[in-house]
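Shown below: structure16.csv, with CSV, N, CA and C atoms.
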chain,number,residue,atom,x,y,z
U,17,MET,N,142.8,45.6,148.6
U,17,MET,CA,142.2,46.1,147.4
U,17,MET,C,143.1,47.2,146.9
U,18,ASN,N,143.3,47.2,145.6
U,18,ASN,CA,144.2,48.2,145.0
U,18,ASN,C,143.2,49.4,144.5
U,19,THR,N,143.8,50.4,144.0
U,19,THR,CA,143.1,51.6,143.6
U,19,THR,C,142.1,51.3,142.5
U,20,HIS,N,142.5,50.5,141.6
U,20,HIS,CA,141.7,50.2,140.4
U,20,HIS,C,140.4,49.5,140.9
U,21,ASN,N,140.5,48.6,141.8
U,21,ASN,CA,139.3,47.9,142.3
U,21,ASN,C,138.4,48.8,143.1
U,22,ILE,N,139.0,49.7,143.8
U,22,ILE,CA,138.2,50.7,144.6
U,22,ILE,C,137.4,51.6,143.7
U,23,PHE,N,138.1,52.0,142.6
U,23,PHE,CA,137.4,52.8,141.6
U,23,PHE,C,136.2,52.1,141.0
U,24,LYS,N,136.4,50.8,140.6
U,24,LYS,CA,135.3,50.0,140.0
U,24,LYS,C,134.2,49.8,141.0
U,25,PHE,N,134.5,49.6,142.3
U,25,PHE,CA,133.5,49.5,143.3
U,25,PHE,C,132.7,50.8,143.5
U,26,ILE,N,133.3,51.9,143.5
U,26,ILE,CA,132.6,53.2,143.6
U,26,ILE,C,131.8,53.5,142.4
U,27,ALA,N,132.3,53.2,141.2
U,27,ALA,CA,131.5,53.4,140.0
U,27,ALA,C,130.3,52.5,140.0
U,28,LEU,N,130.4,51.2,140.3
U,28,LEU,CA,129.3,50.3,140.4
U,28,LEU,C,128.3,50.8,141.4
U,29,THR,N,128.7,51.2,142.6
U,29,THR,CA,127.8,51.7,143.6
U,29,THR,C,127.0,52.9,143.1
U,30,ALA,N,127.7,53.8,142.4
U,30,ALA,CA,127.0,55.0,141.9
U,30,ALA,C,126.0,54.7,140.8
U,31,VAL,N,126.3,53.7,140.0
U,31,VAL,CA,125.3,53.3,138.9
U,31,VAL,C,124.1,52.6,139.6
U,32,VAL,N,124.3,51.8,140.5
U,32,VAL,CA,123.2,51.1,141.2
U,32,VAL,C,122.4,52.1,142.0
U,33,ALA,N,123.0,53.1,142.6
U,33,ALA,CA,122.2,54.1,143.3
U,33,ALA,C,121.4,55.0,142.4
U,34,ALA,N,122.0,55.3,141.2
U,34,ALA,CA,121.3,56.1,140.3
U,34,ALA,C,120.1,55.4,139.7
U,35,LEU,N,120.3,54.1,139.4
U,35,LEU,CA,119.1,53.4,138.8
U,35,LEU,C,118.0,53.1,139.8
U,36,SER,N,118.4,52.9,141.0
U,36,SER,CA,117.3,52.6,142.0
U,36,SER,C,116.6,53.9,142.5
U,37,ALA,N,117.2,55.1,142.2
U,37,ALA,CA,116.6,56.3,142.6
U,37,ALA,C,115.5,56.8,141.7
U,38,CYS,N,115.4,56.2,140.5
U,38,CYS,CA,114.3,56.6,139.5
U,38,CYS,C,113.0,56.0,140.0
U,39,ALA,N,112.0,56.9,140.3
U,39,ALA,CA,110.7,56.5,140.7
U,39,ALA,C,110.0,56.0,139.5
U,40,GLU,N,109.1,55.0,139.7
U,40,GLU,CA,108.4,54.4,138.6
U,40,GLU,C,107.5,55.3,137.8
U,41,GLU,N,106.9,56.3,138.5
U,41,GLU,CA,106.0,57.3,137.8
U,41,GLU,C,106.8,58.3,137.0
U,42,GLU,N,108.1,58.4,137.2
U,42,GLU,CA,109.0,59.3,136.4
U,42,GLU,C,109.5,58.6,135.2
U,43,GLN,N,109.4,57.3,135.1
U,43,GLN,CA,110.0,56.6,134.0
U,43,GLN,C,109.1,56.7,132.8
U,44,ASN,N,109.7,56.8,131.6
U,44,ASN,CA,109.0,56.8,130.3
U,44,ASN,C,108.1,58.0,130.2
U,45,ARG,N,108.4,59.1,130.9
U,45,ARG,CA,107.6,60.3,130.7
U,45,ARG,C,108.2,61.2,129.7
U,46,LEU,N,107.4,62.0,129.1
U,46,LEU,CA,107.8,62.9,128.0
U,46,LEU,C,108.7,64.0,128.6
U,47,LEU,N,109.9,64.2,127.9
U,47,LEU,CA,110.9,65.1,128.4
U,47,LEU,C,111.0,66.3,127.5
U,48,SER,N,110.5,66.2,126.3
U,48,SER,CA,110.6,67.4,125.4
U,48,SER,C,109.1,67.9,125.1
U,49,TYR,N,109.0,69.2,125.2
U,49,TYR,CA,107.6,69.8,125.1
U,49,TYR,C,107.5,70.7,123.9
U,50,ASP,N,106.4,70.8,123.3
U,50,ASP,CA,106.1,71.7,122.2
U,50,ASP,C,105.0,72.6,122.7
U,51,LYS,N,105.3,73.9,122.9
U,51,LYS,CA,104.5,74.9,123.6
U,51,LYS,C,103.1,75.0,122.8
U,52,GLY,N,102.0,74.8,123.6
U,52,GLY,CA,100.7,74.9,123.0
U,52,GLY,C,100.2,73.7,122.4
U,53,THR,N,100.9,72.6,122.5
U,53,THR,CA,100.5,71.3,121.8
U,53,THR,C,100.5,70.2,122.9
U,54,TYR,N,99.4,69.5,123.0
U,54,TYR,CA,99.3,68.4,124.0
U,54,TYR,C,100.0,67.2,123.3
U,55,LEU,N,101.1,66.7,124.0
U,55,LEU,CA,101.8,65.6,123.4
U,55,LEU,C,101.6,64.2,124.1
U,56,GLY,N,100.7,64.2,125.0
U,56,GLY,CA,100.4,63.0,125.8
U,56,GLY,C,99.6,62.0,125.0
U,57,LYS,N,99.2,61.0,125.7
U,57,LYS,CA,98.3,59.9,125.1
U,57,LYS,C,97.0,60.5,124.7
U,58,ALA,N,96.4,60.0,123.7
U,58,ALA,CA,95.1,60.4,123.2
U,58,ALA,C,94.0,60.0,124.2
U,59,ASP,N,93.0,60.8,124.5
U,59,ASP,CA,91.9,60.5,125.4
U,59,ASP,C,91.0,59.4,124.7
U,60,GLN,N,90.4,58.7,125.5
U,60,GLN,CA,89.4,57.7,125.0
U,60,GLN,C,88.1,58.4,124.8
U,61,SER,N,87.4,58.0,123.7
U,61,SER,CA,86.1,58.5,123.4
U,61,SER,C,85.1,58.0,124.3
U,62,LEU,N,84.1,58.8,124.7
U,62,LEU,CA,83.0,58.3,125.5
U,62,LEU,C,81.9,57.6,124.6
U,63,SER,N,81.3,56.6,125.2
U,63,SER,CA,80.2,55.9,124.5
U,63,SER,C,79.0,56.8,124.5
U,64,SER,N,78.0,56.5,123.7
U,64,SER,CA,76.8,57.3,123.7
U,64,SER,C,76.1,57.2,125.0
U,65,ASP,N,76.1,56.1,125.7
U,65,ASP,CA,75.5,56.0,127.0
U,65,ASP,C,76.2,56.8,128.0
U,66,GLN,N,77.5,56.9,128.0
U,66,GLN,CA,78.2,57.8,128.9
U,66,GLN,C,77.9,59.2,128.7
U,67,VAL,N,77.8,59.6,127.4
U,67,VAL,CA,77.4,61.0,127.1
U,67,VAL,C,76.0,61.3,127.6
U,68,ARG,N,75.1,60.4,127.4
U,68,ARG,CA,73.7,60.6,127.9
U,68,ARG,C,73.7,60.7,129.4
U,69,GLN,N,74.4,59.9,130.1
U,69,GLN,CA,74.4,60.0,131.6
U,69,GLN,C,75.0,61.3,132.1
U,70,LEU,N,76.1,61.8,131.4
U,70,LEU,CA,76.6,63.0,131.8
U,70,LEU,C,75.7,64.2,131.5
U,71,MET,N,75.0,64.1,130.4
U,71,MET,CA,74.0,65.2,130.1
U,71,MET,C,72.9,65.2,131.2
U,72,MET,N,72.4,64.0,131.6
U,72,MET,CA,71.4,63.9,132.6
U,72,MET,C,71.9,64.4,133.9
U,73,ARG,N,73.1,64.1,134.3
U,73,ARG,CA,73.7,64.7,135.6
U,73,ARG,C,73.8,66.2,135.5
U,74,SER,N,74.2,66.7,134.4
U,74,SER,CA,74.3,68.2,134.3
U,74,SER,C,73.0,68.8,134.4
U,75,HIS,N,72.0,68.2,133.8
U,75,HIS,CA,70.6,68.7,133.9
U,75,HIS,C,70.1,68.8,135.3
U,76,ILE,N,70.4,67.7,136.1
U,76,ILE,CA,70.0,67.6,137.5
U,76,ILE,C,70.6,68.7,138.3
U,77,GLN,N,71.9,69.0,138.0
U,77,GLN,CA,72.6,70.0,138.8
U,77,GLN,C,72.1,71.4,138.4
U,78,ARG,N,71.7,71.6,137.2
U,78,ARG,CA,71.2,72.9,136.7
U,78,ARG,C,69.9,73.2,137.4
U,79,VAL,N,69.0,72.1,137.6
U,79,VAL,CA,67.7,72.3,138.1
U,79,VAL,C,67.8,72.7,139.6
U,80,TYR,N,68.7,72.1,140.4
U,80,TYR,CA,68.7,72.3,141.8
U,80,TYR,C,69.7,73.3,142.2
Can you present the structure in this file as structure tokens?
Amino acid sequence: MNTHNIFKFIALTAVVAALSACAEEEQNRLLSYDKGTYLGKADQSLSSDQVRQLMMRSHIQRVY
């Protein structure tokens, strides 16, 4: 192997190692932040039945 091929091999190995080191949960995450502003995905709205159930649970906890 000559020096040029060795350099290509080292560069390819470094690229493969860098790509494999990225954890799945770290991919596609927000990297720029705006202080005081939530920039994530919007929350889902609760259905009226879910709201009613939560109100009933909070009432039960308040009583006991």
When DSSP works through the backbone of this structure, what residues of chain U end up as alpha helix (DSSP H), shown as a VMD selection string?
chain U and resid 19 to 36 64 to 79
Point-to-point distance in Å for atom CA of Ala33 of chain U and atom CA of Asn21 of chain U
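According to the coordinates, atom CA of Asn21 of chain U and atom CA of Ala33 of chain U are separated by 18.2 Å.
Taking atom N of Asp59 of chain U and atom N of Leu47 of chain U as endpoints, the distance between them is 17.6 Å.
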For the atom pair atom CA of Ser61 of chain U and atom C of Ser74 of chain U, what is the interatomic distance in Å to one decimal place?
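Result for atom CA of Ser61 of chain U versus atom C of Ser74 of chain U: 20.0 Å, one decimal.
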